[in-house]
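Undergrad: Compact mmCIF, C-alpha atoms, file upload-v9.txt:
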```
# COMPACT_ATOMS: atom_id res chain seq x y z
CA MET Y 46 26.62 5.52 20.99
CA SER Y 47 28.58 7.77 18.71
CA GLU Y 48 26.88 8.46 15.45
CA GLU Y 49 28.48 7.26 12.22
CA ILE Y 50 29.78 10.11 10.07
CA HIS Y 51 29.71 9.81 6.28
CA ASP Y 52 31.95 11.55 3.78
CA VAL Y 53 29.58 12.81 1.11
CA ARG Y 54 30.59 14.49 -2.14
CA LEU Y 55 27.99 17.05 -3.17
CA GLN Y 56 28.19 18.67 -6.61
CA VAL Y 57 26.58 22.05 -6.08
CA ASN Y 58 26.41 24.73 -8.78
CA GLY Y 59 29.35 23.16 -10.58
CA ALA Y 60 31.59 23.01 -7.50
CA SER Y 61 32.44 19.90 -5.53
CA HIS Y 62 31.94 19.97 -1.75
CA THR Y 63 33.03 17.06 0.41
CA VAL Y 64 31.13 17.22 3.68
CA GLN Y 65 31.26 15.04 6.78
CA VAL Y 66 27.72 14.49 7.95
CA PRO Y 67 25.63 12.01 9.93
CA ALA Y 68 23.19 10.05 7.76
CA ARG Y 69 20.26 11.97 9.20
CA ARG Y 70 21.53 15.34 7.88
CA LEU Y 71 18.85 16.65 5.53
CA LEU Y 72 20.11 17.91 2.18
CA SER Y 73 18.65 21.35 3.00
CA ASP Y 74 20.75 21.53 6.18
CA ALA Y 75 23.85 20.19 4.44
CA LEU Y 76 23.59 22.91 1.80
CA ARG Y 77 23.12 25.66 4.39
CA HIS Y 78 25.35 24.56 7.23
CA ASP Y 79 27.99 22.35 5.66
CA CYS Y 80 28.35 24.04 2.26
CA GLY Y 81 27.54 27.52 3.56
CA LEU Y 82 25.00 28.12 0.80
CA THR Y 83 22.26 29.85 2.76
CA GLY Y 84 20.24 30.86 -0.29
CA THR Y 85 18.18 27.69 0.09
CA HIS Y 86 15.56 28.51 2.71
CA VAL Y 87 13.96 26.06 5.11
CA GLY Y 88 10.32 26.83 5.82
CA CYS Y 89 8.04 24.00 6.86
CA GLU Y 90 10.65 21.24 6.74
CA HIS Y 91 8.11 18.62 5.74
CA GLY Y 92 7.64 19.16 2.04
CA VAL Y 93 4.64 21.48 2.01
CA CYS Y 94 5.97 25.01 1.46
CA GLY Y 95 8.48 24.57 -1.35
CA SER Y 96 10.99 27.15 -0.03
CA CYS Y 97 13.83 24.63 0.02
CA THR Y 98 13.35 23.50 -3.59
CA VAL Y 99 16.62 22.83 -5.45
CA LEU Y 100 17.31 21.20 -8.79
CA LEU Y 101 18.59 17.64 -8.57
CA ASP Y 102 20.00 16.62 -11.94
CA GLY Y 103 17.88 19.43 -13.37
CA ARG Y 104 14.58 18.47 -11.76
CA PRO Y 105 13.03 20.40 -8.87
CA VAL Y 106 12.98 18.46 -5.59
CA ARG Y 107 12.43 19.38 -1.95
CA SER Y 108 15.85 19.45 -0.30
CA CYS Y 109 14.18 18.96 3.10
CA LEU Y 110 12.78 15.63 1.89
CA MET Y 111 16.17 14.19 0.98
CA LEU Y 112 19.11 13.02 3.01
CA ALA Y 113 22.43 14.56 2.08
CA VAL Y 114 23.94 11.07 1.88
CA SER Y 115 21.38 10.19 -0.82
CA ALA Y 116 22.51 13.14 -2.94
CA GLN Y 117 26.06 11.80 -3.36
CA ASP Y 118 27.29 12.61 -6.90
CA ALA Y 119 24.01 14.13 -8.09
CA GLU Y 120 24.23 17.55 -9.77
CA ILE Y 121 22.55 20.05 -7.46
CA THR Y 122 21.58 23.58 -8.45
CA THR Y 123 20.61 26.01 -5.71
CA VAL Y 124 19.36 29.57 -6.13
CA GLU Y 125 23.00 30.74 -5.96
CA GLY Y 126 23.65 28.74 -9.13
CA LEU Y 127 20.98 30.45 -11.22
CA THR Y 128 22.85 33.71 -11.75
CA GLU Y 129 24.57 33.81 -15.12
CA ALA Y 130 28.21 34.58 -15.93
CA GLY Y 131 29.32 38.11 -15.02
CA ASP Y 132 26.74 38.36 -12.22
CA VAL Y 133 23.90 38.81 -14.71
CA LEU Y 134 20.54 37.90 -13.24
CA SER Y 135 18.95 34.90 -14.89
CA PRO Y 136 15.70 35.54 -16.83
CA VAL Y 137 13.63 34.31 -13.89
CA GLN Y 138 15.54 36.43 -11.37
CA GLN Y 139 15.30 39.49 -13.64
CA ALA Y 140 11.55 38.92 -14.10
CA PHE Y 141 11.00 38.77 -10.32
CA SER Y 142 12.81 42.09 -10.05
CA ASP Y 143 10.87 43.63 -12.97
CA CYS Y 144 7.44 42.42 -11.83
CA HIS Y 145 7.84 42.86 -8.07
CA GLY Y 146 7.50 39.09 -7.69
CA LEU Y 147 8.79 39.11 -4.14
CA GLN Y 148 8.19 41.01 -0.95
CA CYS Y 149 9.89 39.49 2.11
CA GLY Y 150 11.82 37.10 -0.13
CA PHE Y 151 11.72 34.06 2.12
CA CYS Y 152 9.92 31.80 -0.37
CA THR Y 153 11.70 33.25 -3.40
CA PRO Y 154 14.59 30.76 -3.76
CA GLY Y 155 12.08 27.92 -4.08
CA PHE Y 156 10.05 29.80 -6.67
CA LEU Y 157 13.15 30.72 -8.70
CA THR Y 158 14.43 27.15 -8.90
CA THR Y 159 10.98 25.70 -9.60
CA ILE Y 160 10.21 28.21 -12.35
CA THR Y 161 13.68 27.87 -13.92
CA ALA Y 162 13.04 24.15 -14.44
CA GLY Y 163 9.39 24.74 -15.33
CA LEU Y 164 10.25 27.11 -18.18
CA ARG Y 165 12.81 24.66 -19.48
CA ASP Y 166 10.02 22.08 -19.87
CA ASN Y 167 7.45 24.61 -21.07
CA PRO Y 168 9.14 27.74 -22.51
CA ASP Y 169 5.86 29.43 -23.44
CA PRO Y 170 3.34 28.87 -20.62
CA THR Y 171 -0.19 30.21 -20.54
CA GLU Y 172 -1.29 31.99 -17.37
CA ASP Y 173 -3.02 28.79 -16.22
CA GLU Y 174 0.14 26.78 -16.85
CA ALA Y 175 2.16 29.40 -14.95
CA ARG Y 176 -0.18 28.98 -11.96
CA ASP Y 177 0.12 25.22 -12.20
CA MET Y 178 3.91 25.51 -12.35
CA ILE Y 179 4.01 27.27 -8.97
CA GLY Y 180 1.19 25.24 -7.40
CA GLY Y 181 3.57 23.49 -5.01
CA ASN Y 182 5.11 26.67 -3.57
CA LEU Y 183 3.66 28.84 -0.83
CA CYS Y 184 4.08 32.61 -0.61
CA ARG Y 185 2.55 34.50 2.30
CA CYS Y 186 3.19 38.03 1.00
CA THR Y 187 2.43 38.56 -2.64
CA GLY Y 188 -0.92 36.93 -3.25
CA TYR Y 189 0.82 35.22 -6.20
CA GLN Y 190 -0.38 37.68 -8.90
CA ASN Y 191 3.05 39.20 -9.38
CA ILE Y 192 4.70 35.79 -9.27
CA VAL Y 193 2.46 34.61 -12.10
CA SER Y 194 3.39 37.78 -14.01
CA SER Y 195 7.04 37.02 -13.30
CA VAL Y 196 6.72 33.54 -14.83
CA LEU Y 197 5.25 35.01 -18.01
CA ARG Y 198 7.83 37.82 -18.08
CA ALA Y 199 10.68 35.34 -17.55
CA ALA Y 200 9.50 33.45 -20.62
CA GLU Y 201 9.66 36.71 -22.61
CA ILE Y 202 13.13 37.61 -21.30
CA THR Y 203 14.41 34.15 -22.20
CA LYS Y 204 13.22 34.69 -25.78
CA GLU Y 205 14.62 38.23 -25.93
CA ARG Y 206 18.04 36.99 -24.85
CA ALA Y 207 18.10 34.01 -27.23
CA MET N 140 12.12 18.56 13.17
CA LYS N 141 15.26 16.50 12.62
CA PRO N 142 15.36 12.72 12.27
CA ALA N 143 16.64 10.59 15.14
CA PRO N 144 19.98 8.84 14.44
CA PHE N 145 19.92 5.73 12.28
CA VAL N 146 22.38 3.46 10.55
CA TYR N 147 22.50 4.19 6.81
CA ARG N 148 23.25 1.58 4.16
CA ARG N 149 23.30 2.15 0.42
CA PRO N 150 23.62 -1.28 -1.23
CA GLY N 151 24.69 -1.48 -4.87
CA SER N 152 22.67 -4.56 -5.78
CA LEU N 153 19.29 -6.05 -4.96
CA ALA N 154 20.92 -9.13 -3.40
CA GLU N 155 23.00 -6.94 -1.09
CA ALA N 156 19.93 -4.84 -0.23
CA LEU N 157 17.93 -7.93 0.70
CA GLU N 158 20.74 -9.30 2.87
CA THR N 159 21.18 -5.98 4.62
CA LEU N 160 17.44 -5.78 5.24
CA ALA N 161 17.32 -9.36 6.55
CA GLY N 162 20.09 -8.53 9.03
CA GLU N 163 18.37 -5.42 10.40
CA PRO N 164 14.99 -6.27 11.92
CA ASP N 165 14.19 -2.61 12.56
CA ALA N 166 15.23 -1.27 9.14
CA LYS N 167 13.08 0.72 6.72
CA VAL N 168 13.58 0.85 2.96
CA LEU N 169 14.24 4.31 1.52
CA ALA N 170 13.24 4.90 -2.11
CA GLY N 171 11.77 8.35 -2.88
CA GLY N 172 11.38 9.24 0.78
CA GLN N 173 8.64 11.77 0.20
CA SER N 174 6.52 10.21 2.96
CA LEU N 175 9.28 8.54 4.97
CA ILE N 176 11.57 11.56 5.45
CA PRO N 177 8.83 13.78 6.93
CA LEU N 178 7.86 10.90 9.22
CA LEU N 179 11.49 10.69 10.35
CA SER N 180 11.79 14.46 10.73
CA MET N 181 8.66 14.62 12.87
CA ARG N 182 9.94 11.55 14.73
CA LEU N 183 6.72 9.68 14.07
CA ALA N 184 9.09 6.95 12.88
CA ALA N 185 12.56 6.21 14.23
CA PRO N 186 13.87 3.04 12.58
CA ALA N 187 17.29 1.77 13.66
CA ALA N 188 18.48 1.61 10.05
CA LEU N 189 17.63 2.84 6.57
CA VAL N 190 18.38 0.75 3.51
CA ASP N 191 18.60 3.26 0.64
CA ILE N 192 17.81 1.37 -2.58
CA ASN N 193 18.50 4.32 -4.90
CA ALA N 194 21.82 2.82 -6.03
CA VAL N 195 20.28 -0.57 -6.89
CA PRO N 196 20.36 -0.97 -10.68
CA ASP N 197 17.45 -1.94 -12.95
CA LEU N 198 14.63 -0.90 -10.66
CA ASP N 199 13.52 2.29 -12.42
CA HIS N 200 11.65 0.73 -15.35
CA VAL N 201 8.19 1.49 -16.69
CA ALA N 202 7.48 -1.47 -18.99
CA VAL N 203 4.33 -1.75 -21.04
CA SER N 204 3.09 -5.00 -22.56
CA ASP N 205 -0.28 -6.27 -23.81
CA ASP N 206 -1.28 -7.41 -20.35
CA GLY N 207 -0.41 -4.24 -18.48
CA VAL N 208 2.14 -1.84 -17.05
CA ARG N 209 5.02 -2.90 -14.82
CA VAL N 210 6.50 -0.14 -12.67
CA GLY N 211 9.85 -0.66 -10.96
CA ALA N 212 10.51 0.34 -7.35
CA LEU N 213 12.64 3.34 -8.36
CA ALA N 214 10.37 4.70 -11.11
CA ARG N 215 9.37 8.18 -9.97
CA HIS N 216 5.73 9.25 -10.18
CA ALA N 217 6.79 11.85 -12.76
CA ASP N 218 8.30 9.19 -15.02
CA VAL N 219 5.18 7.02 -14.88
CA LEU N 220 2.96 10.05 -15.48
CA ALA N 221 4.98 11.12 -18.53
CA HIS N 222 4.99 7.61 -20.04
CA ALA N 223 2.72 7.81 -23.10
CA ALA N 224 2.51 4.05 -23.72
CA ALA N 225 1.61 3.44 -20.06
CA ALA N 226 -1.15 6.04 -20.27
CA GLU N 227 -2.50 4.37 -23.41
CA ALA N 228 -2.47 0.87 -21.91
CA GLN N 229 -3.95 1.95 -18.57
CA PRO N 230 -5.21 5.55 -18.61
CA LEU N 231 -6.16 5.46 -14.92
CA LEU N 232 -2.45 5.70 -14.09
CA ALA N 233 -2.02 9.19 -15.52
CA MET N 234 -5.48 10.31 -14.37
CA ALA N 235 -4.63 9.46 -10.76
CA LEU N 236 -0.93 10.41 -10.83
CA SER N 237 -1.72 13.99 -11.81
CA HIS N 238 -3.44 14.25 -8.40
CA VAL N 239 -0.47 12.88 -6.43
CA ALA N 240 0.91 15.81 -4.39
CA HIS N 241 2.79 18.41 -6.48
CA ALA N 242 5.03 18.02 -9.50
CA THR N 243 8.09 18.62 -7.32
CA ILE N 244 7.13 15.77 -4.99
CA ARG N 245 6.38 13.53 -7.99
CA ASN N 246 9.91 14.12 -9.28
CA ARG N 247 11.30 12.21 -6.31
CA GLY N 248 8.48 10.08 -4.91
CA THR N 249 8.03 6.59 -6.32
CA THR N 250 4.79 4.90 -7.33
CA VAL N 251 5.73 1.59 -5.72
CA GLY N 252 6.78 3.35 -2.52
CA SER N 253 3.46 5.15 -2.36
CA ILE N 254 1.63 1.83 -2.71
CA ILE N 255 3.67 0.15 0.03
CA HIS N 256 3.27 3.17 2.31
CA ALA N 257 -0.42 2.11 2.12
CA ASP N 258 -1.90 5.48 3.01
CA ALA N 259 -5.67 5.22 2.57
CA ALA N 260 -5.64 8.90 1.56
CA ALA N 261 -3.21 8.28 -1.32
CA GLU N 262 -4.16 7.73 -4.93
CA MET N 263 -1.96 4.87 -6.11
CA PRO N 264 -2.95 2.22 -3.53
CA VAL N 265 -6.60 2.55 -4.53
CA VAL N 266 -5.69 2.47 -8.23
CA LEU N 267 -3.83 -0.81 -7.73
CA ALA N 268 -6.72 -2.22 -5.67
CA LEU N 269 -9.40 -1.20 -8.17
CA LEU N 270 -7.53 -2.61 -11.16
CA GLY N 271 -6.76 -5.87 -9.36
CA GLY N 272 -3.03 -5.35 -9.77
CA SER N 273 -0.22 -6.88 -7.76
CA VAL N 274 3.18 -6.25 -6.25
CA GLU N 275 6.35 -8.34 -6.63
CA ALA N 276 8.10 -8.85 -3.29
CA ALA N 277 11.68 -10.06 -2.97
CA SER N 278 13.57 -11.23 0.09
CA VAL N 279 16.50 -13.53 0.85
CA ARG N 280 13.83 -16.23 1.15
CA GLY N 281 12.77 -15.81 -2.48
CA THR N 282 10.17 -13.84 -4.38
CA ARG N 283 6.40 -13.81 -4.32
CA THR N 284 3.52 -11.95 -5.93
CA ILE N 285 1.10 -10.20 -3.60
CA ALA N 286 -2.33 -9.48 -5.09
CA ALA N 287 -3.64 -5.98 -4.34
CA ALA N 288 -6.58 -7.56 -2.51
CA ASP N 289 -4.12 -9.09 -0.02
CA LEU N 290 -1.79 -6.10 0.25
CA PHE N 291 -3.51 -3.50 2.41
CA ALA N 292 -3.76 -4.68 6.01
CA GLY N 293 -4.67 -1.45 7.77
CA PRO N 294 -3.86 2.24 7.98
CA LEU N 295 -0.28 2.72 6.72
CA GLU N 296 0.21 -1.03 6.90
CA SER N 297 0.89 -3.41 4.04
CA THR N 298 1.36 -7.16 4.24
CA LEU N 299 4.94 -6.85 2.97
CA ALA N 300 7.21 -8.63 5.47
CA HIS N 301 9.97 -6.62 7.20
CA ASP N 302 12.68 -8.35 5.17
CA GLU N 303 10.94 -7.90 1.81
CA ILE N 304 11.43 -5.20 -0.82
CA ALA N 305 8.62 -4.47 -3.25
CA THR N 306 10.53 -4.50 -6.51
CA GLU N 307 7.68 -3.88 -8.93
CA ALA N 308 3.98 -3.08 -9.17
CA PHE N 309 1.80 -4.48 -11.95
CA PHE N 310 -1.23 -2.57 -13.24
CA PRO N 311 -3.42 -4.60 -15.63
CA ALA N 312 -4.17 -2.97 -18.99
CA LEU N 313 -7.66 -1.84 -19.92
CA ARG N 314 -9.49 -4.56 -21.83
CA PRO N 315 -11.78 -3.92 -24.79
CA GLY N 316 -15.02 -2.28 -23.66
CA GLU N 317 -13.53 -0.99 -20.43
CA GLY N 318 -13.13 2.62 -19.36
CA VAL N 319 -11.83 4.46 -16.30
CA GLY N 320 -12.37 7.72 -14.46
CA PHE N 321 -10.90 9.53 -11.49
CA ALA N 322 -11.95 12.50 -9.38
CA GLU N 323 -11.07 13.84 -5.98
CA ILE N 324 -11.80 16.87 -3.84
CA ALA N 325 -9.03 18.47 -1.80
CA ARG N 326 -9.02 21.72 0.18
CA ARG N 327 -6.03 22.95 -1.77
CA HIS N 328 -4.36 21.84 -4.98
CA GLY N 329 -1.89 19.07 -4.14
CA ASP N 330 -3.25 18.38 -0.66
CA TYR N 331 -4.48 14.99 0.44
CA ALA N 332 -8.01 14.46 -0.85
CA LEU N 333 -11.01 14.68 1.49
CA VAL N 334 -12.52 11.98 -0.72
CA GLY N 335 -11.32 10.51 -3.99
CA VAL N 336 -12.94 7.99 -6.31
CA ALA N 337 -11.45 5.85 -9.07
CA GLY N 338 -13.82 4.03 -11.41
CA LEU N 339 -13.57 1.07 -13.76
CA VAL N 340 -16.55 0.17 -15.97
CA ARG N 341 -17.24 -2.16 -18.90
CA VAL N 342 -19.74 -1.24 -21.56
CA GLU N 343 -21.53 -3.36 -24.13
CA GLY N 344 -22.81 -1.10 -26.87
CA ASP N 345 -23.97 1.96 -24.95
CA GLU N 346 -24.83 0.17 -21.76
CA VAL N 347 -22.65 -0.11 -18.67
CA VAL N 348 -22.67 -3.79 -17.73
CA GLU N 349 -20.00 -3.82 -15.02
CA ALA N 350 -18.85 -1.09 -12.68
CA ARG N 351 -16.44 -1.00 -9.76
CA LEU N 352 -15.37 1.99 -7.74
CA GLY N 353 -12.35 2.50 -5.48
CA TYR N 354 -12.57 5.01 -2.64
CA LEU N 355 -9.66 6.82 -1.03
CA SER N 356 -9.61 8.89 2.15
CA VAL N 357 -12.91 7.40 3.36
CA ASN N 358 -12.03 4.13 5.12
CA ASP N 359 -8.78 3.09 6.83
CA VAL N 360 -7.74 1.16 3.74
CA PRO N 361 -8.41 1.70 0.03
CA THR N 362 -11.88 0.26 -0.49
CA VAL N 363 -13.30 -1.21 -3.69
CA VAL N 364 -17.06 -1.55 -4.14
CA ASP N 365 -18.89 -3.41 -6.93
CA VAL N 366 -21.78 -1.28 -8.19
CA SER N 367 -22.60 -3.23 -11.36
CA GLY N 368 -26.19 -2.82 -12.49
CA ARG N 369 -26.90 0.17 -10.26
CA SER N 370 -27.91 3.72 -11.16
CA PRO N 371 -25.44 6.42 -10.03
CA GLU N 372 -27.69 7.35 -7.04
CA ASP N 373 -28.17 3.72 -6.09
CA ALA N 374 -24.44 3.10 -6.54
CA ALA N 375 -23.58 5.83 -3.99
CA ASP N 376 -26.14 4.45 -1.50
CA HIS N 377 -24.71 0.99 -1.93
CA ALA N 378 -21.11 2.25 -1.61
CA LEU N 379 -22.00 4.04 1.63
CA THR N 380 -23.10 0.73 3.16
CA GLU N 381 -19.48 -0.43 2.76
CA LEU N 382 -17.85 2.88 3.65
CA GLN N 383 -17.61 4.45 7.07
CA PRO N 384 -16.96 8.14 6.41
CA ASP N 385 -15.45 9.65 9.53
CA GLY N 386 -15.20 13.25 10.62
CA ASP N 387 -11.82 14.88 11.29
CA ILE N 388 -10.32 18.37 11.22
CA HIS N 389 -10.55 18.40 7.42
CA ALA N 390 -14.20 17.44 6.90
CA THR N 391 -17.24 16.22 8.81
CA ALA N 392 -18.59 12.72 8.26
CA ALA N 393 -21.70 14.20 6.65
CA TYR N 394 -19.63 16.24 4.19
CA ARG N 395 -17.55 13.18 3.30
CA SER N 396 -20.78 11.23 2.63
CA HIS N 397 -21.94 14.07 0.42
CA LEU N 398 -18.66 13.98 -1.50
CA VAL N 399 -19.01 10.21 -1.92
CA ARG N 400 -22.38 10.79 -3.60
CA VAL N 401 -21.20 13.61 -5.86
CA LEU N 402 -17.95 11.95 -6.90
CA THR N 403 -19.56 8.53 -7.41
CA ARG N 404 -21.89 10.03 -9.99
CA ARG N 405 -19.15 12.03 -11.70
CA VAL N 406 -16.72 9.14 -11.90
CA LEU N 407 -19.29 6.64 -13.16
CA GLU N 408 -20.23 9.06 -15.95
CA ALA N 409 -16.60 9.84 -16.78
CA ALA N 410 -15.61 6.16 -16.86
CA ALA N 411 -18.57 5.27 -19.11
CA ASP N 412 -17.65 8.13 -21.46
CA ASN N 413 -14.05 6.93 -21.46
CA ALA N 414 -15.15 3.38 -22.32
CA ARG N 415 -17.40 4.57 -25.15
CA SER N 416 -14.80 6.88 -26.66
CA ARG N 417 -12.16 4.13 -26.55
CA GLN N 418 -14.62 1.77 -28.19
CA ALA N 419 -15.41 4.32 -30.91
CA ARG N 420 -11.69 4.86 -31.49
CA SER N 421 -10.94 1.14 -31.73
CA THR N 422 -13.71 0.56 -34.30
CA GLU N 423 -12.34 3.46 -36.40
CA LYS N 424 -8.98 1.76 -36.65
CA PRO N 425 -8.63 -0.21 -39.89
```
Could you write out this structure as structure tokens?
TA:
Amino acid sequence: MSEEIHDVRLQVNGASHTVQVPARRLLSDALRHDCGLTGTHVGCEHGVCGSCTVLLDGRPVRSCLMLAVSAQDAEITTVEGLTEAGDVLSPVQQAFSDCHGLQCGFCTPGFLTTITAGLRDNPDPTEDEARDMIGGNLCRCTGYQNIVSSVLRAAEITKERA
Amino acid sequence: MKPAPFVYRRPGSLAEALETLAGEPDAKVLAGGQSLIPLLSMRLAAPAALVDINAVPDLDHVAVSDDGVRVGALARHADVLAHAAAAEAQPLLAMALSHVAHATIRNRGTTVGSIIHADAAAEMPVVLALLGGSVEAASVRGTRTIAAADLFAGPLESTLAHDEIATEAFFPALRPGEGVGFAEIARRHGDYALVGVAGLVRVEGDEVVEARLGYLSVNDVPTVVDVSGRSPEDAADHALTELQPDGDIHATAAYRSHLVRVLTRRVLEAAADNARSRQARSTEKP
């Protein structure tokens, strides 16, 4: 039996990608293999680690827990879409650089997208709220301390730039 | 870690969804997919077809009335959790929802889907069972209301027929004098609970006159126990006669029994406090 192929229009970081995929193509794989956007990392592939987190219409979701066909016409933001005009690092990216919020970097795309949306909802988090914000993302290098610092620093940078 | 092939349909109306489902005996309904997609990826499930209901209109409501809260099949956990009027009418919703996985999962996962998935380790099935709520089921044959007491048939098994879509869940509002509480213990924040307890009590004056507790992650199905008229210690002993805590890689049976005792006491106290503070608040109102 040949598998049915679907034409799916994905709106990623403001650009439109039409991809031909079988229905079982996970959104994470469609972004990486069909759109060539390999910034989204695939860790556990069952929703636990948070590495593949992207923003779907502004809200963080696990791209490994969605089918690409289900994402038709939604606005998707991947880590590649966080950088601001003129290749300026976004406040969250800059904070990770300032605070040494990453080591191997594998989990980082998921943290950056999650925190970007988290600070939009809560621009001035306490340390506890910062920990809660990243509670669904695993990092095996940092021990999280510098990621928490990065969340708080990103909130400061956002205010400084405003 | 990739799903097996399946036929994908994305109907644009409920009628079309029901017809598609009726024509595909081995189809599964896809709403949030936060449990279904991992099951597909691990090939623990390999349905012939998926009927994606995300394009069906008018299913994402959270509607609050005097009698309770109605949650549509496409309302995400996050939307129900953020709904202030729903939390006021039935505070157990928000108490339990804040324990459902992580915020990122709640952004996509649906409350109705979680109920129909019927995982005895999940929060929302036991909440529906404890409150005596119900689910609206639609099929090409018509619609029916399934009471929570008749909904959970076994582990990961609801009594929804293969051609039915659960379009809405109904959670009764708290009545005067009633209060609720919720607590669970998990190894890590956001993990499935080792044991969780939801409580519903009614007070008259300062005294608790009715008390029911719902247990998750203890039996194969969400289990509700009436502990009216019992002290917290006695309530836990009584609950354990109806619960069969089992050991697994996460916890021994003895540890689960211990958690049942600790959480029973905590939840009974919290629910009684909740009832009293609501009562105090309602008498303050002019």
Undergrad: With 10 Å as the limit and counting only C-alpha atoms, what residues in chain Y lie close to chain N? Please list them as a PDB file with C-alpha atoms, in the coordinates of the input.
TA:
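Done, and the output landed in out_8.pdb:
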```
ATOM      1  CA  MET Y  46      26.620   5.520  20.990  1.00  0.00           C
ATOM      2  CA  SER Y  47      28.580   7.770  18.710  1.00  0.00           C
ATOM      3  CA  GLU Y  48      26.880   8.460  15.450  1.00  0.00           C
ATOM      4  CA  GLU Y  49      28.480   7.260  12.220  1.00  0.00           C
ATOM      5  CA  ILE Y  50      29.780  10.110  10.070  1.00  0.00           C
ATOM      6  CA  HIS Y  51      29.710   9.810   6.280  1.00  0.00           C
ATOM      7  CA  PRO Y  67      25.630  12.010   9.930  1.00  0.00           C
ATOM      8  CA  ALA Y  68      23.190  10.050   7.760  1.00  0.00           C
ATOM      9  CA  ARG Y  69      20.260  11.970   9.200  1.00  0.00           C
ATOM     10  CA  ARG Y  70      21.530  15.340   7.880  1.00  0.00           C
ATOM     11  CA  LEU Y  71      18.850  16.650   5.530  1.00  0.00           C
ATOM     12  CA  ASP Y  74      20.750  21.530   6.180  1.00  0.00           C
ATOM     13  CA  CYS Y  89       8.040  24.000   6.860  1.00  0.00           C
ATOM     14  CA  GLU Y  90      10.650  21.240   6.740  1.00  0.00           C
ATOM     15  CA  HIS Y  91       8.110  18.620   5.740  1.00  0.00           C
ATOM     16  CA  GLY Y  92       7.640  19.160   2.040  1.00  0.00           C
ATOM     17  CA  VAL Y  93       4.640  21.480   2.010  1.00  0.00           C
ATOM     18  CA  GLY Y  95       8.480  24.570  -1.350  1.00  0.00           C
ATOM     19  CA  THR Y  98      13.350  23.500  -3.590  1.00  0.00           C
ATOM     20  CA  VAL Y  99      16.620  22.830  -5.450  1.00  0.00           C
ATOM     21  CA  LEU Y 100      17.310  21.200  -8.790  1.00  0.00           C
ATOM     22  CA  LEU Y 101      18.590  17.640  -8.570  1.00  0.00           C
ATOM     23  CA  ARG Y 104      14.580  18.470 -11.760  1.00  0.00           C
ATOM     24  CA  PRO Y 105      13.030  20.400  -8.870  1.00  0.00           C
ATOM     25  CA  VAL Y 106      12.980  18.460  -5.590  1.00  0.00           C
ATOM     26  CA  ARG Y 107      12.430  19.380  -1.950  1.00  0.00           C
ATOM     27  CA  CYS Y 109      14.180  18.960   3.100  1.00  0.00           C
ATOM     28  CA  LEU Y 110      12.780  15.630   1.890  1.00  0.00           C
ATOM     29  CA  MET Y 111      16.170  14.190   0.980  1.00  0.00           C
ATOM     30  CA  LEU Y 112      19.110  13.020   3.010  1.00  0.00           C
ATOM     31  CA  VAL Y 114      23.940  11.070   1.880  1.00  0.00           C
ATOM     32  CA  SER Y 115      21.380  10.190  -0.820  1.00  0.00           C
ATOM     33  CA  ALA Y 116      22.510  13.140  -2.940  1.00  0.00           C
ATOM     34  CA  THR Y 159      10.980  25.700  -9.600  1.00  0.00           C
ATOM     35  CA  GLY Y 163       9.390  24.740 -15.330  1.00  0.00           C
ATOM     36  CA  ASP Y 177       0.120  25.220 -12.200  1.00  0.00           C
ATOM     37  CA  MET Y 178       3.910  25.510 -12.350  1.00  0.00           C
ATOM     38  CA  ILE Y 179       4.010  27.270  -8.970  1.00  0.00           C
ATOM     39  CA  GLY Y 180       1.190  25.240  -7.400  1.00  0.00           C
ATOM     40  CA  GLY Y 181       3.570  23.490  -5.010  1.00  0.00           C
ATOM     41  CA  ASN Y 182       5.110  26.670  -3.570  1.00  0.00           C
TER      42      ASN Y 182
END
```
Undergrad: Can you tell me how far CA of His238 in chain N sits from CA of Val137 in chain Y, in Å to one decimal?
TA: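 Answer for the CA of His238 in chain N to CA of Val137 in chain Y separation: 26.9 Å.
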Undergrad: Report, in Å to a single decimal, how far apart CA of Asn58 in chain Y and CA of Glu201 in chain Y are.
TA: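 Distance reported for this atom pair: 24.8 Å.
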Undergrad: At what distance in Å, to one decimal, does CA of Val251 in chain N lie from CA of Ala217 in chain N?
TA: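 Separating CA of Ala217 in chain N from CA of Val251 in chain N is a distance of 12.5 Å.
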Undergrad: Report as a count of residues only all protein, DNA and RNA residues lying within 12 Å of Leu382 in chain N, evaluated on all atoms listed in the file, omitting residues in the same chain fewer than 6 positions from it.
TA: 21
Undergrad: May I have the centre and edge lengths, in Å to one decimal, of an axis-aligned box around the listed atoms of range 360-366 of chain N with 4 Å added to every side, as lines of an AutoDock Vina configuration file?
TA:
```
center_x = -14.8
center_y = -0.9
center_z = -2.2
size_x = 22.0
size_y = 13.1
size_z = 19.9
```
Undergrad: Excluding Ala140 in chain Y and any residue of its chain fewer than 3 positions from it, enumerate the residues within 10 Å of it, using only C-alpha atoms, and give them as a list in words.
TA: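 Listing them by chain and then by number gives Leu134, Ser135, Pro136, Val137, Asp143, Cys144, His145, Gly146, Leu157, Asn191, Ile192, Ser194, Ser195, Val196, Leu197, Arg198, Ala199, Ala200, Glu201, Ile202 and Thr203 of chain Y.
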Undergrad: Asp165 in chain N: which residues within 12 Å, counting only C-alpha atoms, same-chain residues fewer than 5 positions away excluded, as a PyMOL selection string?
TA: chain N and resi 145-146+159-160+184-190+300-302
Undergrad: Identify, on the basis of all atoms listed in the file, every residue whose closest approach to Asp102 in chain Y does not exceed 7 Å; exclude the query and any residue fewer than 3 positions from it along the same chain; express the result as a list in words.
TA: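 These residues fall inside the cut-off: Ala119, Glu120 and Ile121 of chain Y.
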Undergrad: Got time to write the residues from that selection, C-alpha atoms, as a short mmCIF file (atom, residue, chain, number, x, y, z; two decimals), in the frame of the given file?
TA:
```
data_model
loop_
_atom_site.label_atom_id
_atom_site.label_comp_id
_atom_site.auth_asym_id
_atom_site.auth_seq_id
_atom_site.Cartn_x
_atom_site.Cartn_y
_atom_site.Cartn_z
CA ALA Y 119 24.01 14.13 -8.09
CA GLU Y 120 24.23 17.55 -9.77
CA ILE Y 121 22.55 20.05 -7.46
#
```
